[in-house]
Every structure is written in structure tokens, then in C-alpha cells.
file my_file21.txt (compact mmCIF, C-alpha atoms)
# COMPACT_ATOMS: atom_id res chain seq x y z
CA MET X 1 67.47 -13.54 109.06
CA SER X 2 69.37 -10.98 111.01
CA LEU X 3 68.31 -9.97 114.42
CA ILE X 4 69.74 -6.54 114.11
CA ARG X 5 67.22 -4.09 112.90
CA TYR X 6 68.04 -2.62 109.55
CA GLN X 7 68.67 1.07 109.79
CA VAL X 8 68.26 3.43 106.93
CA PRO X 9 71.52 5.34 106.61
CA GLU X 10 71.10 8.96 107.46
CA LEU X 11 70.67 10.87 104.30
CA SER X 12 72.66 13.85 105.38
CA ASN X 13 75.93 12.01 105.67
CA TYR X 14 75.35 9.30 103.13
CA SER X 15 75.06 11.15 99.90
CA PRO X 16 78.31 11.34 97.99
CA THR X 17 76.73 13.58 95.37
CA ASP X 18 75.65 16.00 98.05
CA ARG X 19 79.14 16.12 99.41
CA LEU X 20 80.59 16.78 96.00
CA ALA X 21 78.09 19.54 95.50
CA THR X 22 79.16 21.09 98.78
CA LEU X 23 82.78 20.89 97.72
CA ARG X 24 81.95 22.47 94.38
CA ASP X 25 80.08 25.27 96.12
CA GLU X 26 83.02 25.86 98.37
CA PHE X 27 85.33 26.20 95.39
CA ASN X 28 82.94 28.52 93.64
CA ARG X 29 82.77 30.59 96.74
CA LEU X 30 86.54 30.71 96.90
CA PHE X 31 86.86 32.05 93.38
CA ASP X 32 83.99 34.45 93.69
CA TRP X 33 85.37 35.89 96.81
CA THR X 34 86.55 39.43 96.62
CA ALA X 35 88.14 41.03 99.59
CA PRO X 36 85.45 43.03 101.36
CA SER X 37 87.72 45.94 101.90
CA ARG X 38 86.49 48.77 104.04
CA ASP X 39 89.25 51.07 102.90
CA SER X 40 88.81 53.57 100.19
CA GLY X 41 91.94 52.23 98.62
CA PHE X 42 92.95 52.52 95.03
CA PHE X 43 91.52 49.22 93.88
CA SER X 44 88.76 48.61 96.27
CA GLY X 45 86.41 51.46 95.55
CA TRP X 46 83.62 51.64 98.04
CA THR X 47 82.12 48.51 99.47
CA PRO X 48 79.76 49.61 102.21
CA ALA X 49 79.41 47.07 104.98
CA LEU X 50 76.23 45.05 104.76
CA ASP X 51 74.49 43.02 107.45
CA VAL X 52 71.55 40.66 107.09
CA TYR X 53 69.17 39.63 109.83
CA ASP X 54 66.51 36.97 109.78
CA ASP X 55 63.42 37.42 111.83
CA LYS X 56 60.43 35.07 111.82
CA ASP X 57 58.60 36.84 109.05
CA HIS X 58 61.08 39.49 107.98
CA LEU X 59 64.51 39.79 106.52
CA VAL X 60 66.33 42.95 107.49
CA VAL X 61 69.29 44.27 105.54
CA LYS X 62 71.44 47.04 106.99
CA VAL X 63 74.01 48.95 104.99
CA GLU X 64 76.45 51.47 106.43
CA LEU X 65 76.26 54.52 104.21
CA PRO X 66 77.50 57.52 106.15
CA GLY X 67 76.96 60.98 104.76
CA MET X 68 74.54 60.24 101.96
CA LYS X 69 71.47 62.05 100.81
CA LYS X 70 68.31 60.01 100.98
CA ASP X 71 67.59 60.64 97.32
CA ASP X 72 70.99 59.37 96.25
CA ILE X 73 70.25 55.87 97.49
CA GLU X 74 68.52 53.45 95.19
CA ILE X 75 67.05 50.11 96.15
CA SER X 76 65.76 47.60 93.68
CA MET X 77 64.51 44.08 93.82
CA HIS X 78 64.71 41.73 90.90
CA ASP X 79 64.45 37.98 90.72
CA GLY X 80 65.14 37.45 94.38
CA THR X 81 68.15 39.75 94.29
CA LEU X 82 68.21 42.93 96.30
CA THR X 83 70.43 45.66 94.95
CA VAL X 84 71.39 48.78 96.84
CA SER X 85 73.25 51.36 94.84
CA GLY X 86 73.93 55.04 94.88
CA GLU X 87 76.40 57.78 94.73
CA ARG X 88 77.99 59.88 97.38
CA LYS X 89 78.79 63.30 96.10
CA THR X 90 81.44 65.65 97.36
CA GLU X 91 79.91 68.58 99.06
CA HIS X 92 82.72 71.04 98.68
CA GLU X 93 84.48 71.75 95.49
CA GLU X 94 86.78 74.30 96.96
CA LYS X 95 90.17 73.65 95.57
CA GLU X 96 91.81 76.24 97.74
CA GLY X 97 93.57 74.90 100.74
CA GLN X 98 95.42 71.71 101.11
CA SER X 99 93.96 68.32 101.78
CA PHE X 100 95.79 66.55 104.54
CA ARG X 101 93.91 63.35 104.66
CA SER X 102 91.52 61.89 102.19
CA GLU X 103 90.26 58.51 103.26
CA ARG X 104 86.58 58.86 102.59
CA TYR X 105 85.33 57.54 99.32
CA PHE X 106 83.15 59.61 97.05
CA GLY X 107 81.47 58.17 94.04
CA LYS X 108 79.31 55.25 93.14
CA PHE X 109 78.75 52.00 94.89
CA GLN X 110 76.59 48.96 94.36
CA ARG X 111 75.88 45.96 96.51
CA SER X 112 73.74 43.02 95.44
CA LEU X 113 72.48 40.25 97.58
CA THR X 114 70.60 37.10 96.70
CA LEU X 115 67.99 36.76 99.37
CA PRO X 116 67.78 33.43 101.14
CA THR X 117 63.98 33.40 101.09
CA ALA X 118 61.22 34.76 98.94
CA VAL X 119 60.01 38.19 99.98
CA ASP X 120 56.96 40.25 99.26
CA ALA X 121 58.50 42.83 96.94
CA GLY X 122 55.49 45.11 97.21
CA LYS X 123 55.94 45.54 100.95
CA ILE X 124 59.63 46.37 101.15
CA LYS X 125 60.33 49.40 103.32
CA ALA X 126 63.53 51.32 103.72
CA SER X 127 64.72 53.97 106.12
CA TYR X 128 67.93 55.93 106.43
CA LYS X 129 69.08 57.08 109.84
CA ASP X 130 72.43 58.01 111.35
CA GLY X 131 74.17 56.95 108.18
CA VAL X 132 72.69 53.47 108.24
CA LEU X 133 70.23 52.26 105.63
CA THR X 134 67.76 49.69 106.91
CA VAL X 135 65.73 47.69 104.43
CA ASP X 136 62.86 45.71 105.83
CA LEU X 137 61.72 42.85 103.62
CA PRO X 138 58.61 40.97 104.72
CA LYS X 139 58.87 37.33 103.77
CA ALA X 140 56.43 35.99 101.22
CA GLU X 141 53.62 33.93 102.68
CA GLU X 142 55.08 30.68 101.39
CA ALA X 143 58.44 31.40 102.99
CA LYS X 144 57.11 32.07 106.47
CA PRO X 145 57.54 29.31 108.97
CA LYS X 146 54.31 27.45 109.42
CA HIS X 147 53.03 25.64 112.36
CA ILE X 148 51.26 22.50 111.36
CA GLU X 149 48.93 20.95 113.80
CA VAL X 150 48.95 17.22 114.02
CA SER X 151 45.45 16.09 114.13
CA VAL X 152 44.57 12.89 115.81
CA SER X 153 41.73 11.03 114.35
CA MET J 1 104.00 72.35 111.18
CA THR J 2 100.50 71.94 109.96
CA ALA J 3 101.23 68.38 109.03
CA ASN J 4 100.94 67.61 112.71
CA LEU J 5 97.22 67.46 112.35
CA THR J 6 97.46 64.46 110.15
CA LYS J 7 99.40 62.40 112.59
CA THR J 8 97.29 59.60 113.85
CA GLU J 9 97.87 57.57 116.86
CA PRO J 10 97.19 53.88 116.54
CA GLN J 11 94.12 52.69 118.35
CA LYS J 12 94.73 52.26 122.00
CA PRO J 13 92.43 51.47 124.82
CA ALA J 14 90.91 54.53 126.43
CA ASN J 15 92.29 53.36 129.68
CA GLY J 16 95.43 51.34 130.02
CA SER J 17 93.92 48.55 132.04
CA GLN J 18 90.91 47.96 129.86
CA ASN J 19 91.35 46.27 126.56
CA VAL J 20 88.62 47.86 124.53
CA THR J 21 88.54 47.45 120.80
CA PHE J 22 87.71 50.39 118.62
CA THR J 23 87.29 50.89 114.92
CA THR J 24 89.26 53.69 113.33
CA PRO J 25 86.85 55.94 111.48
CA LEU J 26 87.82 56.99 107.99
CA ALA J 27 88.66 60.67 107.98
CA ASN J 28 89.20 63.59 105.66
CA ILE J 29 91.06 66.68 106.71
CA ARG J 30 91.33 69.77 104.62
CA GLU J 31 92.50 73.27 105.19
CA THR J 32 90.20 76.20 104.70
CA LYS J 33 90.79 79.91 104.88
CA ASP J 34 90.15 80.05 108.60
CA GLY J 35 91.29 76.69 109.80
CA TYR J 36 90.76 73.04 109.20
CA VAL J 37 87.76 70.85 108.62
CA LEU J 38 87.86 67.27 109.79
CA GLU J 39 85.24 64.75 108.70
CA ALA J 40 85.03 61.28 110.17
CA GLU J 41 82.68 58.48 109.19
CA MET J 42 80.84 56.98 112.11
CA PRO J 43 77.71 55.26 110.86
CA GLY J 44 75.33 54.35 113.67
CA VAL J 45 76.49 57.12 116.00
CA THR J 46 74.15 59.86 117.16
CA LYS J 47 74.91 63.14 118.87
CA ASP J 48 74.54 61.48 122.25
CA GLY J 49 77.22 58.92 121.57
CA LEU J 50 79.77 61.46 120.57
CA GLU J 51 82.74 62.55 122.65
CA VAL J 52 85.24 65.07 121.39
CA THR J 53 88.02 65.99 123.77
CA VAL J 54 91.12 68.12 123.53
CA GLU J 55 93.84 67.32 125.96
CA ASN J 56 97.56 67.98 125.85
CA GLY J 57 97.39 69.11 122.29
CA GLU J 58 95.59 65.98 121.21
CA LEU J 59 92.16 65.81 119.74
CA ALA J 60 90.35 62.59 120.55
CA ILE J 61 87.10 61.63 118.93
CA VAL J 62 85.04 58.78 120.28
CA GLY J 63 81.76 57.67 118.78
CA ARG J 64 79.61 55.14 120.56
CA ARG J 65 76.96 53.41 118.55
CA ALA J 66 73.45 53.94 119.70
CA ALA J 67 72.18 50.75 121.25
CA VAL J 68 69.91 49.18 118.69
CA THR J 69 68.15 45.92 119.23
CA GLU J 70 69.10 43.60 116.45
CA PRO J 71 66.12 43.07 114.20
CA GLY J 72 66.47 39.32 114.26
CA ARG J 73 69.05 36.59 114.06
CA SER J 74 72.22 37.76 112.35
CA ILE J 75 72.79 35.63 109.27
CA TYR J 76 75.46 37.67 107.55
CA ARG J 77 77.67 40.38 108.94
CA GLU J 78 80.29 42.68 107.53
CA SER J 79 80.02 45.65 109.84
CA ARG J 80 82.13 45.67 112.91
CA GLY J 81 80.03 46.45 115.90
CA PHE J 82 82.77 48.34 117.71
CA ASP J 83 82.69 51.93 118.79
CA TYR J 84 84.88 54.42 116.98
CA ARG J 85 87.95 56.14 118.27
CA ARG J 86 90.71 58.13 116.72
CA VAL J 87 93.27 60.57 118.04
CA PHE J 88 94.86 63.41 116.14
CA GLU J 89 97.65 65.70 117.21
CA LEU J 90 96.43 69.26 117.10
CA ASP J 91 98.45 71.87 115.37
CA PRO J 92 99.41 74.59 117.87
CA SER J 93 97.87 77.19 115.58
CA ILE J 94 94.39 75.84 116.24
CA ASN J 95 92.24 77.66 118.72
CA SER J 96 91.05 74.64 120.64
CA GLY J 97 88.47 76.67 122.53
CA LYS J 98 86.58 77.35 119.36
CA ILE J 99 86.27 73.88 117.90
CA THR J 100 82.74 73.09 116.85
CA ALA J 101 81.29 69.69 116.05
CA LYS J 102 78.22 68.33 114.38
CA ILE J 103 77.14 64.90 113.26
CA GLU J 104 74.87 64.27 110.34
CA GLN J 105 73.94 60.89 108.93
CA GLY J 106 76.90 59.25 110.57
CA VAL J 107 79.48 61.79 109.49
CA LEU J 108 81.15 63.87 112.16
CA THR J 109 82.32 67.27 111.00
CA LEU J 110 84.70 69.26 113.16
CA ASN J 111 85.58 72.85 112.48
CA LEU J 112 89.00 73.67 113.82
CA PRO J 113 89.58 77.40 113.52
CA LYS J 114 93.04 78.85 113.56
CA ALA J 115 93.89 81.33 116.23
CA GLU J 116 93.60 84.92 115.07
CA SER J 117 97.29 85.50 115.61
CA VAL J 118 98.35 82.98 113.00
CA LYS J 119 95.94 83.97 110.28
CA PRO J 120 97.54 85.70 107.38
CA ARG J 121 97.02 89.38 107.72
CA LYS J 122 97.23 92.00 105.11
CA ILE J 123 99.09 95.04 106.16
CA ALA J 124 98.21 98.15 104.34
CA VAL J 125 101.14 100.13 103.14
CA SER J 126 100.67 103.72 103.93

call {"tool": "encode", "arguments": {"input": "my_file21.txt", "output": "C-alpha cells"}}
result
Amino acid sequence: MSLIRYQVPELSNYSPTDRLATLRDEFNRLFDWTAPSRDSGFFSGWTPALDVYDDKDHLVVKVELPGMKKDDIEISMHDGTLTVSGERKTEHEEKEGQSFRSERYFGKFQRSLTLPTAVDAGKIKASYKDGVLTVDLPKAEEAKPKHIEVSVS
Amino acid sequence: MTANLTKTEPQKPANGSQNVTFTTPLANIRETKDGYVLEAEMPGVTKDGLEVTVENGELAIVGRRAAVTEPGRSIYRESRGFDYRRVFELDPSINSGKITAKIEQGVLTLNLPKAESVKPRKIAVS
């Protein structure tokens, strides 16, 4: 009989399958990765910058969409995936006069995001201010952090 | 001549000693009958955070983001939180006293009218 107490190996660093899964995810991520270009370059189209915040019982998604009309922005939620899409239209069609610089992108865009937690789709709110779209997604009850009292009996 | 307006200066700190980082706003410039129209994308900037200055034939636009408290812990970020700055060389034909600016949904629009003297003028033949 050994005098040293047997210690259960820590699960987090003793699971070769877990590690392989992590490696696989990393590779998938690598191949899925597309350059998040902010330029309105020839290939990149328009990829508006997107930020995600996590509050206790909310997720907040912010998308930079300067110069849009409120009605040209569409937000949808399906199967835990939030999609923001829309179209920015040119305001002036005047062909007279020369264009010296044309860096802004006009046309369609779409961003999709798999949300890290379940949200209450019926309570999603969105606002558009100063060219920034803010989507407020209240977490579903089951995804909210819960405080569990330890009862002593 | 007019091409001067398109010349952009690389980002540089507003003040030599400070090393402030700015984002270059994307811009469109087009010529109209009476002058030029410049549009620059500055999402997150309100009227109060806007600074447009003309000095030594240079037009500088600075947009400071309105201070917003972050709505939680940031878990994913693509936007760059920096303020915006970009400098353009003004064409001498522009009447710098008559430049007007407005900002709407994060897009700054500057109207840069040409001086009367350089506008094409029709001369009636008598």
C-alpha cells in the first residue's frame, strides 16, 4: 500500500482526445479564416467591423455601418445564428464631374455570427446611431448565470 | 492642379511629441459644378467630436469617437477603437472660407466650393 495519496489527474490536461479536438478546431479555423479586410478593395467587398460584448444577461453586437438608412438594415436570427445584412445605396447618380477618390463601398453586405449562448429571440432589440448598429440580445433563461445556494442540512 | 485634393498625407501624430494612433477614414471625393464634395466614414463620431481645420492649404479632419461605456466584456472585436484623422491638400481654387460640414450616421460630408473667380463663366458675345 502506498502512502502517497492517489490523485485523480486533472481532466483538463489529461484528455488526449480533447487536445486533438482542439487541434482540429484550430485547423478548421485556419482554413475558414478570411481576411477581415476593412478596405473596399476589389476582392474584399464590404465587411463591416463587428464587435461582440458579453454582459451578465445580455449579449451585445455592434456593427459599424456608416451612412446607411435604417430601413436598409436587416437583422435575422435563426438557429442560434445572428445575421446582419443590408445594402448601402449611392445617393448621387450624377455622372457629371470627376471622381477623385472612391474608397467607400456601396452595395450589399452580410455578416453572420454564431452566438456563444442561447438568446431570447423574441426580445432582441436593435438601434442605429452615429453609423453604428447595436443589437441587444437578452440571454435565454437557461443561459443566464445562476447562483446556487448551498444549503446546509 | 485639381488632383492636389486627392493627395493624402500618411497618418501622423497631431503633435510631434505625442504618439497618437489614428485610423484613416475611408473617403470619397468628387467634383461637382460648384466645387468638390468630400465624404469620410467615421462611425461612432458625433458632431461634437468633429474637428475640421484648414491651415496652410491643408484640410485636416479629425473625428473623435463619442465616449461610450462598453456594454459588457468584449469577447470579439474587429473595430479599431481609435479616433479618425486624415489630411488632404486643398486645391488653391477652393474657397476655404466657405467650406461647410455635416455629419450624418457616421459619414462626414464636406462641401468645398470653388472660388467664384475660377468657376467657368460664359461670356456672351455681343

call {"tool": "residues_around", "arguments": {"input": "my_file21.txt", "residues": "region 34-40 of chain J", "least_positions_apart": "6", "cutoff": "8 Å", "atoms": "only C-alpha atoms", "output": "MDAnalysis selection string"}}
result
chainID J and resid 25:28 94 107:114 119

call {"tool": "interface_residues", "arguments": {"input": "my_file21.txt", "of": "chain J", "to": "chain X", "cutoff": "12 Å", "atoms": "all atoms listed in the file", "output": "PyMOL selection string"}}
result
chain J and resi 2-8+23-49+63+65-66+68-81+88+103-109

call {"tool": "atom_distance", "arguments": {"input": "my_file21.txt", "atom1": "CA of Ser93 (chain J)", "atom2": "CA of Ile61 (chain J)"}}
result
19.2 Å

call {"tool": "closest_residue", "arguments": {"input": "my_file21.txt", "among": "X:Ser127, X:Thr47, X:Ser151, X:Asn28", "to": "Phe106 (chain X)", "atoms": "all atoms listed in the file"}}
result
X:Thr47

call {"tool": "atom_distance", "arguments": {"input": "my_file21.txt", "atom1": "CA of Lys108 (chain X)", "atom2": "CA of Leu82 (chain X)"}}
result
16.9 Å

call {"tool": "atom_distance", "arguments": {"input": "my_file21.txt", "atom1": "CA of Phe109 (chain X)", "atom2": "CA of Gly80 (chain X)"}}
result
19.9 Å

call {"tool": "residues_near_point", "arguments": {"input": "my_file21.txt", "point": "(68.1, 50.4, 93.9)", "cutoff": "12 Å", "atoms": "only C-alpha atoms", "output": "short mmCIF file (atom, residue, chain, number, x, y, z; two decimals) with C-alpha atoms, in the coordinates of the input"}}
result
data_model
loop_
_atom_site.label_atom_id
_atom_site.label_comp_id
_atom_site.auth_asym_id
_atom_site.auth_seq_id
_atom_site.Cartn_x
_atom_site.Cartn_y
_atom_site.Cartn_z
CA LYS X 70 68.31 60.01 100.98
CA ASP X 71 67.59 60.64 97.32
CA ASP X 72 70.99 59.37 96.25
CA ILE X 73 70.25 55.87 97.49
CA GLU X 74 68.52 53.45 95.19
CA ILE X 75 67.05 50.11 96.15
CA SER X 76 65.76 47.60 93.68
CA MET X 77 64.51 44.08 93.82
CA HIS X 78 64.71 41.73 90.90
CA THR X 81 68.15 39.75 94.29
CA LEU X 82 68.21 42.93 96.30
CA THR X 83 70.43 45.66 94.95
CA VAL X 84 71.39 48.78 96.84
CA SER X 85 73.25 51.36 94.84
CA GLY X 86 73.93 55.04 94.88
CA GLU X 87 76.40 57.78 94.73
CA PHE X 109 78.75 52.00 94.89
CA GLN X 110 76.59 48.96 94.36
CA ARG X 111 75.88 45.96 96.51
CA SER X 112 73.74 43.02 95.44
CA LEU X 113 72.48 40.25 97.58
CA ILE X 124 59.63 46.37 101.15
CA ALA X 126 63.53 51.32 103.72
CA VAL X 135 65.73 47.69 104.43
#
